[in-house]
$ cat target_7.tsv   # TSV, N, CA and C atoms
chain	number	residue	atom	x	y	z
A	1	MET	N	-25.19	-0.21	-7.20
A	1	MET	CA	-23.89	-0.78	-7.49
A	1	MET	C	-22.84	-0.04	-6.67
A	2	LEU	N	-21.99	-0.82	-6.06
A	2	LEU	CA	-20.89	-0.27	-5.29
A	2	LEU	C	-19.60	-0.91	-5.76
A	3	PRO	N	-18.48	-0.18	-5.66
A	3	PRO	CA	-17.20	-0.79	-6.01
A	3	PRO	C	-16.86	-1.91	-5.03
A	4	GLY	N	-16.02	-2.84	-5.46
A	4	GLY	CA	-15.63	-3.96	-4.61
A	4	GLY	C	-14.52	-3.58	-3.68
A	5	ASN	N	-14.85	-2.91	-2.59
A	5	ASN	CA	-13.83	-2.56	-1.60
A	5	ASN	C	-14.44	-2.64	-0.20
A	6	ALA	N	-13.60	-2.47	0.79
A	6	ALA	CA	-14.05	-2.61	2.18
A	6	ALA	C	-15.11	-1.57	2.54
A	7	SER	N	-14.99	-0.36	2.04
A	7	SER	CA	-15.97	0.68	2.34
A	7	SER	C	-17.35	0.30	1.82
A	8	SER	N	-17.39	-0.31	0.64
A	8	SER	CA	-18.67	-0.73	0.06
A	8	SER	C	-19.31	-1.85	0.86
A	9	VAL	N	-18.50	-2.80	1.33
A	9	VAL	CA	-19.03	-3.89	2.15
A	9	VAL	C	-19.63	-3.32	3.43
A	10	LEU	N	-18.95	-2.37	4.03
A	10	LEU	CA	-19.47	-1.74	5.25
A	10	LEU	C	-20.78	-1.00	4.96
A	11	ALA	N	-20.84	-0.26	3.86
A	11	ALA	CA	-22.06	0.46	3.49
A	11	ALA	C	-23.21	-0.52	3.26
A	12	PHE	N	-22.94	-1.61	2.58
A	12	PHE	CA	-23.97	-2.62	2.32
A	12	PHE	C	-24.46	-3.25	3.63
A	13	ALA	N	-23.53	-3.60	4.49
A	13	ALA	CA	-23.91	-4.20	5.78
A	13	ALA	C	-24.76	-3.25	6.60
A	14	ARG	N	-24.43	-1.99	6.61
A	14	ARG	CA	-25.23	-1.00	7.34
A	14	ARG	C	-26.63	-0.89	6.75
A	15	HIS	N	-26.71	-0.89	5.42
A	15	HIS	CA	-28.00	-0.80	4.76
A	15	HIS	C	-28.87	-2.01	5.06
A	16	VAL	N	-28.30	-3.20	4.94
A	16	VAL	CA	-29.05	-4.45	5.18
A	16	VAL	C	-29.55	-4.52	6.61
A	17	ASN	N	-28.77	-4.01	7.54
A	17	ASN	CA	-29.14	-4.07	8.96
A	17	ASN	C	-29.93	-2.85	9.41
A	18	GLY	N	-30.31	-2.01	8.45
A	18	GLY	CA	-31.15	-0.85	8.79
A	18	GLY	C	-30.44	0.20	9.60
A	19	MET	N	-29.14	0.21	9.56
A	19	MET	CA	-28.38	1.18	10.34
A	19	MET	C	-28.22	2.47	9.56
A	20	ARG	N	-28.47	3.56	10.22
A	20	ARG	CA	-28.23	4.86	9.61
A	20	ARG	C	-26.97	5.41	10.25
A	21	GLY	N	-26.27	6.13	9.49
A	21	GLY	CA	-25.03	6.69	10.05
A	21	GLY	C	-24.16	7.21	8.93
A	22	GLN	N	-22.91	7.28	9.24
A	22	GLN	CA	-21.96	7.83	8.29
A	22	GLN	C	-21.92	6.97	7.04
A	23	ALA	N	-22.07	7.62	5.90
A	23	ALA	CA	-21.99	6.91	4.62
A	23	ALA	C	-20.57	6.50	4.35
A	24	ALA	N	-20.43	5.42	3.64
A	24	ALA	CA	-19.09	4.95	3.28
A	24	ALA	C	-18.42	5.96	2.36
A	25	ASN	N	-17.15	6.09	2.53
A	25	ASN	CA	-16.38	7.00	1.69
A	25	ASN	C	-16.00	6.26	0.40
A	26	ILE	N	-16.81	6.42	-0.62
A	26	ILE	CA	-16.58	5.73	-1.88
A	26	ILE	C	-16.11	6.76	-2.89
A	27	ALA	N	-14.84	6.70	-3.22
A	27	ALA	CA	-14.27	7.66	-4.15
A	27	ALA	C	-14.46	7.18	-5.57
A	28	PRO	N	-14.85	8.08	-6.47
A	28	PRO	CA	-14.94	7.67	-7.87
A	28	PRO	C	-13.56	7.40	-8.44
A	29	GLU	N	-13.50	6.61	-9.49
A	29	GLU	CA	-12.23	6.33	-10.13
A	29	GLU	C	-11.66	7.63	-10.67
A	30	SER	N	-10.36	7.77	-10.60
A	30	SER	CA	-9.73	8.99	-11.07
A	30	SER	C	-9.72	9.09	-12.58
A	31	ALA	N	-9.68	7.98	-13.27
A	31	ALA	CA	-9.69	7.97	-14.73
A	31	ALA	C	-10.58	6.81	-15.17
A	32	PRO	N	-11.20	6.95	-16.33
A	32	PRO	CA	-12.08	5.88	-16.80
A	32	PRO	C	-11.32	4.60	-17.15
A	33	PHE	N	-12.04	3.49	-17.09
A	33	PHE	CA	-11.48	2.21	-17.49
A	33	PHE	C	-11.10	2.30	-18.96
A	34	PRO	N	-9.94	1.79	-19.36
A	34	PRO	CA	-9.48	1.93	-20.75
A	34	PRO	C	-10.47	1.36	-21.76
A	35	HIS	N	-10.89	2.19	-22.71
A	35	HIS	CA	-11.86	1.79	-23.71
A	35	HIS	C	-11.37	0.61	-24.54
A	36	ALA	N	-10.09	0.61	-24.90
A	36	ALA	CA	-9.54	-0.49	-25.72
A	36	ALA	C	-9.69	-1.83	-25.02
A	37	VAL	N	-9.61	-1.83	-23.70
A	37	VAL	CA	-9.76	-3.07	-22.94
A	37	VAL	C	-11.23	-3.46	-22.89
A	38	THR	N	-12.10	-2.49	-22.72
A	38	THR	CA	-13.54	-2.77	-22.68
A	38	THR	C	-14.03	-3.30	-24.01
A	39	ALA	N	-13.57	-2.69	-25.11
A	39	ALA	CA	-14.05	-3.05	-26.44
A	39	ALA	C	-13.62	-4.45	-26.85
A	40	ARG	N	-12.36	-4.80	-26.59
A	40	ARG	CA	-11.84	-6.10	-27.02
A	40	ARG	C	-10.85	-6.64	-25.99
A	41	PRO	N	-11.30	-7.08	-24.83
A	41	PRO	CA	-10.36	-7.52	-23.80
A	41	PRO	C	-9.48	-8.70	-24.21
A	42	ASP	N	-10.02	-9.61	-25.01
A	42	ASP	CA	-9.23	-10.77	-25.41
A	42	ASP	C	-8.11	-10.41	-26.37
A	43	ARG	N	-8.25	-9.29	-27.08
A	43	ARG	CA	-7.21	-8.88	-28.03
A	43	ARG	C	-5.88	-8.67	-27.34
A	44	TRP	N	-5.92	-8.23	-26.10
A	44	TRP	CA	-4.70	-7.91	-25.37
A	44	TRP	C	-4.09	-9.12	-24.69
A	45	LEU	N	-4.70	-10.29	-24.90
A	45	LEU	CA	-4.18	-11.54	-24.34
A	45	LEU	C	-3.61	-12.46	-25.42
A	46	GLU	N	-3.75	-12.08	-26.68
A	46	GLU	CA	-3.31	-12.92	-27.78
A	46	GLU	C	-1.79	-12.91	-27.91
A	47	LEU	N	-1.25	-13.98	-28.50
A	47	LEU	CA	0.19	-14.07	-28.71
A	47	LEU	C	0.68	-13.10	-29.77
A	48	ASP	N	-0.13	-12.88	-30.81
A	48	ASP	CA	0.23	-11.92	-31.86
A	48	ASP	C	-0.03	-10.51	-31.36
A	49	ALA	N	1.03	-9.75	-31.25
A	49	ALA	CA	0.91	-8.40	-30.70
A	49	ALA	C	0.17	-7.47	-31.66
A	50	PRO	N	-0.66	-6.59	-31.13
A	50	PRO	CA	-1.29	-5.54	-31.95
A	50	PRO	C	-0.20	-4.59	-32.44
A	51	PRO	N	-0.55	-3.67	-33.35
A	51	PRO	CA	0.43	-2.67	-33.81
A	51	PRO	C	1.01	-1.89	-32.63
A	52	ALA	N	2.26	-1.51	-32.78
A	52	ALA	CA	2.97	-0.81	-31.70
A	52	ALA	C	2.23	0.44	-31.23
A	53	GLU	N	1.60	1.18	-32.16
A	53	GLU	CA	0.87	2.40	-31.77
A	53	GLU	C	-0.30	2.06	-30.86
A	54	SER	N	-0.98	0.95	-31.15
A	54	SER	CA	-2.12	0.53	-30.33
A	54	SER	C	-1.66	0.11	-28.94
A	55	VAL	N	-0.54	-0.59	-28.88
A	55	VAL	CA	0.00	-1.03	-27.59
A	55	VAL	C	0.41	0.18	-26.76
A	56	GLU	N	1.09	1.13	-27.37
A	56	GLU	CA	1.51	2.33	-26.65
A	56	GLU	C	0.30	3.11	-26.13
A	57	ALA	N	-0.73	3.25	-26.95
A	57	ALA	CA	-1.95	3.94	-26.51
A	57	ALA	C	-2.60	3.20	-25.36
A	58	LEU	N	-2.61	1.87	-25.44
A	58	LEU	CA	-3.18	1.07	-24.35
A	58	LEU	C	-2.40	1.29	-23.06
A	59	PHE	N	-1.07	1.22	-23.14
A	59	PHE	CA	-0.24	1.42	-21.94
A	59	PHE	C	-0.53	2.77	-21.30
A	60	GLN	N	-0.65	3.81	-22.12
A	60	GLN	CA	-0.91	5.14	-21.58
A	60	GLN	C	-2.28	5.22	-20.91
A	61	SER	N	-3.30	4.59	-21.52
A	61	SER	CA	-4.63	4.63	-20.91
A	61	SER	C	-4.69	3.79	-19.64
A	62	VAL	N	-3.98	2.66	-19.61
A	62	VAL	CA	-3.92	1.84	-18.39
A	62	VAL	C	-3.18	2.59	-17.30
A	63	ARG	N	-2.11	3.29	-17.67
A	63	ARG	CA	-1.35	4.07	-16.69
A	63	ARG	C	-2.21	5.18	-16.09
A	64	ARG	N	-2.99	5.87	-16.93
A	64	ARG	CA	-3.91	6.92	-16.43
A	64	ARG	C	-4.96	6.31	-15.51
A	65	TYR	N	-5.53	5.18	-15.94
A	65	TYR	CA	-6.58	4.52	-15.16
A	65	TYR	C	-6.06	4.07	-13.79
A	66	LEU	N	-4.91	3.45	-13.76
A	66	LEU	CA	-4.39	2.90	-12.50
A	66	LEU	C	-3.72	3.95	-11.62
A	67	GLY	N	-3.07	4.93	-12.22
A	67	GLY	CA	-2.23	5.84	-11.45
A	67	GLY	C	-0.82	5.26	-11.39
A	68	GLU	N	0.13	6.08	-11.02
A	68	GLU	CA	1.54	5.67	-11.06
A	68	GLU	C	1.86	4.49	-10.15
A	69	GLU	N	1.38	4.51	-8.91
A	69	GLU	CA	1.72	3.44	-7.98
A	69	GLU	C	1.16	2.10	-8.44
A	70	SER	N	-0.11	2.08	-8.86
A	70	SER	CA	-0.72	0.83	-9.31
A	70	SER	C	-0.12	0.36	-10.62
A	71	PHE	N	0.26	1.30	-11.48
A	71	PHE	CA	0.91	0.91	-12.73
A	71	PHE	C	2.25	0.25	-12.43
A	72	PHE	N	2.97	0.77	-11.47
A	72	PHE	CA	4.24	0.16	-11.04
A	72	PHE	C	3.98	-1.26	-10.53
A	73	TRP	N	2.91	-1.44	-9.79
A	73	TRP	CA	2.52	-2.75	-9.27
A	73	TRP	C	2.23	-3.70	-10.43
A	74	LEU	N	1.49	-3.24	-11.44
A	74	LEU	CA	1.21	-4.05	-12.62
A	74	LEU	C	2.50	-4.42	-13.33
A	75	CYS	N	3.42	-3.47	-13.47
A	75	CYS	CA	4.70	-3.76	-14.12
A	75	CYS	C	5.46	-4.85	-13.37
A	76	ALA	N	5.44	-4.80	-12.06
A	76	ALA	CA	6.11	-5.82	-11.26
A	76	ALA	C	5.47	-7.19	-11.49
A	77	CYS	N	4.16	-7.22	-11.59
A	77	CYS	CA	3.45	-8.48	-11.83
A	77	CYS	C	3.74	-9.01	-13.23
A	78	ALA	N	4.03	-8.11	-14.17
A	78	ALA	CA	4.24	-8.50	-15.57
A	78	ALA	C	5.65	-9.02	-15.84
A	79	ALA	N	6.50	-9.04	-14.84
A	79	ALA	CA	7.87	-9.51	-15.05
A	79	ALA	C	7.89	-10.97	-15.49
A	80	TYR	N	6.90	-11.73	-15.12
A	80	TYR	CA	6.76	-13.13	-15.50
A	80	TYR	C	5.40	-13.28	-16.17
A	81	PRO	N	5.29	-14.04	-17.26
A	81	PRO	CA	4.02	-14.06	-18.00
A	81	PRO	C	2.84	-14.70	-17.28
A	82	GLU	N	3.08	-15.43	-16.22
A	82	GLU	CA	1.99	-16.06	-15.49
A	82	GLU	C	1.74	-15.26	-14.21
A	83	ILE	N	0.50	-14.86	-14.01
A	83	ILE	CA	0.14	-14.06	-12.84
A	83	ILE	C	-0.29	-15.01	-11.71
A	84	HIS	N	0.29	-14.82	-10.54
A	84	HIS	CA	-0.08	-15.62	-9.36
A	84	HIS	C	-0.70	-14.67	-8.33
A	85	PHE	N	-1.89	-15.00	-7.88
A	85	PHE	CA	-2.63	-14.14	-6.96
A	85	PHE	C	-1.81	-13.83	-5.70
A	86	ASN	N	-1.25	-14.86	-5.07
A	86	ASN	CA	-0.50	-14.63	-3.84
A	86	ASN	C	0.74	-13.76	-4.08
A	87	LEU	N	1.39	-13.95	-5.21
A	87	LEU	CA	2.54	-13.11	-5.53
A	87	LEU	C	2.10	-11.67	-5.79
A	88	THR	N	0.97	-11.51	-6.44
A	88	THR	CA	0.43	-10.16	-6.69
A	88	THR	C	0.18	-9.45	-5.36
A	89	LEU	N	-0.44	-10.14	-4.42
A	89	LEU	CA	-0.68	-9.54	-3.10
A	89	LEU	C	0.64	-9.25	-2.38
A	90	TYR	N	1.58	-10.17	-2.49
A	90	TYR	CA	2.89	-9.98	-1.86
A	90	TYR	C	3.57	-8.72	-2.42
A	91	LEU	N	3.56	-8.60	-3.75
A	91	LEU	CA	4.17	-7.42	-4.37
A	91	LEU	C	3.48	-6.14	-3.94
A	92	GLY	N	2.15	-6.16	-3.91
A	92	GLY	CA	1.41	-4.97	-3.48
A	92	GLY	C	1.72	-4.56	-2.05
A	93	GLY	N	1.98	-5.53	-1.20
A	93	GLY	CA	2.30	-5.23	0.20
A	93	GLY	C	3.75	-4.87	0.43
A	94	ASN	N	4.63	-5.24	-0.51
A	94	ASN	CA	6.06	-5.01	-0.31
A	94	ASN	C	6.66	-3.94	-1.21
A	95	LEU	N	5.92	-3.52	-2.22
A	95	LEU	CA	6.33	-2.35	-2.99
A	95	LEU	C	5.77	-1.13	-2.28
A	96	HIS	N	6.49	-0.03	-2.31
A	96	HIS	CA	6.08	1.14	-1.54
A	96	HIS	C	5.96	2.39	-2.39
A	97	THR	N	5.08	3.28	-1.94
A	97	THR	CA	4.92	4.59	-2.56
A	97	THR	C	6.14	5.43	-2.20
A	98	PRO	N	6.31	6.58	-2.83
A	98	PRO	CA	7.42	7.46	-2.45
A	98	PRO	C	7.37	7.88	-0.98
A	99	GLU	N	6.16	7.83	-0.39
A	99	GLU	CA	6.03	8.19	1.04
A	99	GLU	C	6.36	7.02	1.95
A	100	GLY	N	6.67	5.85	1.38
A	100	GLY	CA	7.05	4.70	2.17
A	100	GLY	C	5.89	3.79	2.58
A	101	LYS	N	4.69	4.05	2.09
A	101	LYS	CA	3.54	3.22	2.41
A	101	LYS	C	3.41	2.10	1.39
A	102	PRO	N	2.91	0.92	1.80
A	102	PRO	CA	2.70	-0.16	0.82
A	102	PRO	C	1.76	0.29	-0.29
A	103	ILE	N	2.03	-0.17	-1.51
A	103	ILE	CA	1.17	0.18	-2.64
A	103	ILE	C	-0.22	-0.42	-2.46
A	104	PHE	N	-0.30	-1.59	-1.86
A	104	PHE	CA	-1.59	-2.26	-1.73
A	104	PHE	C	-2.57	-1.43	-0.91
A	105	ASN	N	-3.77	-1.22	-1.47
A	105	ASN	CA	-4.94	-0.76	-0.73
A	105	ASN	C	-6.16	-1.24	-1.50
A	106	ASP	N	-7.33	-1.11	-0.92
A	106	ASP	CA	-8.55	-1.64	-1.54
A	106	ASP	C	-8.81	-1.06	-2.93
A	107	GLU	N	-8.67	0.25	-3.06
A	107	GLU	CA	-8.97	0.90	-4.33
A	107	GLU	C	-8.01	0.47	-5.43
A	108	ARG	N	-6.73	0.44	-5.09
A	108	ARG	CA	-5.74	0.02	-6.10
A	108	ARG	C	-5.93	-1.43	-6.50
A	109	ALA	N	-6.18	-2.30	-5.52
A	109	ALA	CA	-6.39	-3.72	-5.82
A	109	ALA	C	-7.64	-3.89	-6.68
A	110	SER	N	-8.69	-3.19	-6.36
A	110	SER	CA	-9.93	-3.29	-7.13
A	110	SER	C	-9.70	-2.87	-8.58
A	111	ALA	N	-9.00	-1.78	-8.79
A	111	ALA	CA	-8.71	-1.31	-10.14
A	111	ALA	C	-7.82	-2.31	-10.88
A	112	LEU	N	-6.79	-2.80	-10.21
A	112	LEU	CA	-5.85	-3.73	-10.84
A	112	LEU	C	-6.55	-5.02	-11.25
A	113	PHE	N	-7.39	-5.57	-10.38
A	113	PHE	CA	-8.03	-6.86	-10.65
A	113	PHE	C	-9.15	-6.78	-11.68
A	114	ARG	N	-9.51	-5.59	-12.11
A	114	ARG	CA	-10.48	-5.45	-13.21
A	114	ARG	C	-9.84	-5.70	-14.57
A	115	LEU	N	-8.53	-5.59	-14.64
A	115	LEU	CA	-7.83	-5.73	-15.92
A	115	LEU	C	-7.82	-7.19	-16.39
A	116	PRO	N	-7.92	-7.41	-17.70
A	116	PRO	CA	-8.02	-8.78	-18.22
A	116	PRO	C	-6.81	-9.65	-17.91
A	117	TRP	N	-5.63	-9.07	-17.83
A	117	TRP	CA	-4.43	-9.85	-17.54
A	117	TRP	C	-4.50	-10.44	-16.14
A	118	MET	N	-5.04	-9.67	-15.22
A	118	MET	CA	-5.15	-10.16	-13.85
A	118	MET	C	-6.28	-11.19	-13.72
A	119	GLN	N	-7.37	-10.97	-14.44
A	119	GLN	CA	-8.50	-11.89	-14.38
A	119	GLN	C	-8.16	-13.24	-15.01
A	120	ARG	N	-7.34	-13.23	-16.04
A	120	ARG	CA	-6.97	-14.47	-16.73
A	120	ARG	C	-5.65	-15.04	-16.21
A	121	ALA	N	-4.99	-14.33	-15.31
A	121	ALA	CA	-3.72	-14.75	-14.73
A	121	ALA	C	-2.68	-15.02	-15.80
A	122	TYR	N	-2.63	-14.14	-16.80
A	122	TYR	CA	-1.71	-14.34	-17.91
A	122	TYR	C	-1.30	-12.99	-18.49
A	123	MET	N	-0.01	-12.86	-18.75
A	123	MET	CA	0.54	-11.68	-19.40
A	123	MET	C	1.30	-12.16	-20.63
A	124	PRO	N	0.88	-11.76	-21.84
A	124	PRO	CA	1.55	-12.25	-23.05
A	124	PRO	C	3.05	-12.01	-23.03
A	125	ILE	N	3.81	-12.98	-23.47
A	125	ILE	CA	5.27	-12.85	-23.55
A	125	ILE	C	5.57	-11.75	-24.55
A	126	GLY	N	6.53	-10.94	-24.21
A	126	GLY	CA	6.92	-9.84	-25.10
A	126	GLY	C	6.14	-8.58	-24.82
A	127	CYS	N	5.23	-8.62	-23.86
A	127	CYS	CA	4.47	-7.43	-23.48
A	127	CYS	C	5.39	-6.60	-22.59
A	128	ASP	N	5.89	-5.49	-23.09
A	128	ASP	CA	6.90	-4.70	-22.40
A	128	ASP	C	6.25	-3.61	-21.56
A	129	TRP	N	5.92	-3.94	-20.32
A	129	TRP	CA	5.33	-2.98	-19.40
A	129	TRP	C	6.46	-2.16	-18.78
A	130	THR	N	6.95	-1.18	-19.51
A	130	THR	CA	8.04	-0.35	-19.05
A	130	THR	C	7.54	0.67	-18.04
A	131	CYS	N	8.17	0.70	-16.91
A	131	CYS	CA	7.78	1.65	-15.87
A	131	CYS	C	8.78	2.80	-15.79
$ encode --input "target_7.tsv" --output "structure tokens"
Amino acid sequence: MLPGNASSVLAFARHVNGMRGQAANIAPESAPFPHAVTARPDRWLELDAPPAESVEALFQSVRRYLGEESFFWLCACAAYPEIHFNLTLYLGGNLHTPEGKPIFNDERASALFRLPWMQRAYMPIGCDWTC
């Protein structure tokens, strides 16, 4: 199993073609995928909000999982309850890190697109993704 990024595709292509050489630089995730999302992903898509403490704990675990730049990207996507793939890519390419680089990269996109809101292209109304 390899993560869904450009480095993994290159590693797979080299393996399939019998090429030996430099291994792909595959970095492990910095924080684990949020357990609350794994346990009940549909719960976070419902119109009836979970208790405030649960929501706050979820936000903190998602923030740890994504990192600050990707969490900012998610917040920008959450401004409107409907997620649009092209707009998500646009935001990732036009929002910048403190160093002035675009937020979008393979690792951040891979982490972001694992989240249920991105997979279902929906962010519940009233979900306050405060950055």
$ atom_distance --input "target_7.tsv" --atom1 "CA of Tyr122 (chain A)" --atom2 "atom C of Phe71 (chain A)"
16.1 Å
$ residues_around --input "target_7.tsv" --residues "Pro124 (chain A)" --least-positions-apart "5" --cutoff "6 Å" --atoms "only N, CA and C atoms" --output "mmCIF file with N, CA and C atoms, in the coordinates of the input"
data_model
loop_
_atom_site.group_PDB
_atom_site.id
_atom_site.type_symbol
_atom_site.label_atom_id
_atom_site.label_comp_id
_atom_site.auth_asym_id
_atom_site.auth_seq_id
_atom_site.Cartn_x
_atom_site.Cartn_y
_atom_site.Cartn_z
ATOM 1 N N LEU A 45 -4.700 -10.290 -24.900
ATOM 2 C CA LEU A 45 -4.180 -11.540 -24.340
ATOM 3 C C LEU A 45 -3.610 -12.460 -25.420
ATOM 4 N N GLU A 46 -3.750 -12.080 -26.680
ATOM 5 C CA GLU A 46 -3.310 -12.920 -27.780
ATOM 6 C C GLU A 46 -1.790 -12.910 -27.910
ATOM 7 N N PRO A 81 5.290 -14.040 -17.260
ATOM 8 C CA PRO A 81 4.020 -14.060 -18.000
ATOM 9 C C PRO A 81 2.840 -14.700 -17.280
#
$ atom_distance --input "target_7.tsv" --atom1 "CA of Met118 (chain A)" --atom2 "CA of Tyr80 (chain A)"
12.4 Å
$ axis_aligned_box --input "target_7.tsv" --around "region 84-94 of chain A" --padding-each-side "6 Å" --output "JSON"
{"center_x": 2.0, "center_y": -9.8, "center_z": -5.1, "size_x": 21.3, "size_y": 23.7, "size_z": 23.0}
$ closest_residue --input "target_7.tsv" --among "A:Trp44, A:Arg64, A:Gly92, A:Val55" --to "Ala31 (chain A)" --atoms "only N, CA and C atoms"
A:Arg64
$ atom_distance --input "target_7.tsv" --atom1 "CA of Ile83 (chain A)" --atom2 "CA of Ala52 (chain A)"
23.2 Å
$ residues_around --input "target_7.tsv" --residues "Val62 (chain A)" --least-positions-apart "4" --cutoff "7 Å" --atoms "only C-alpha atoms" --output "PyMOL selection string"
chain A and resi 34+58+66
$ closest_residue --input "target_7.tsv" --among "A:Ile103, A:Ala57, A:Cys77, A:Ala49" --to "Ala36 (chain A)" --atoms "all atoms listed in the file"
A:Ala57
$ closest_residue --input "target_7.tsv" --among "A:Trp73, A:Ala79, A:Gly67, A:Leu115" --to "Leu91 (chain A)" --atoms "only N, CA and C atoms"
A:Trp73
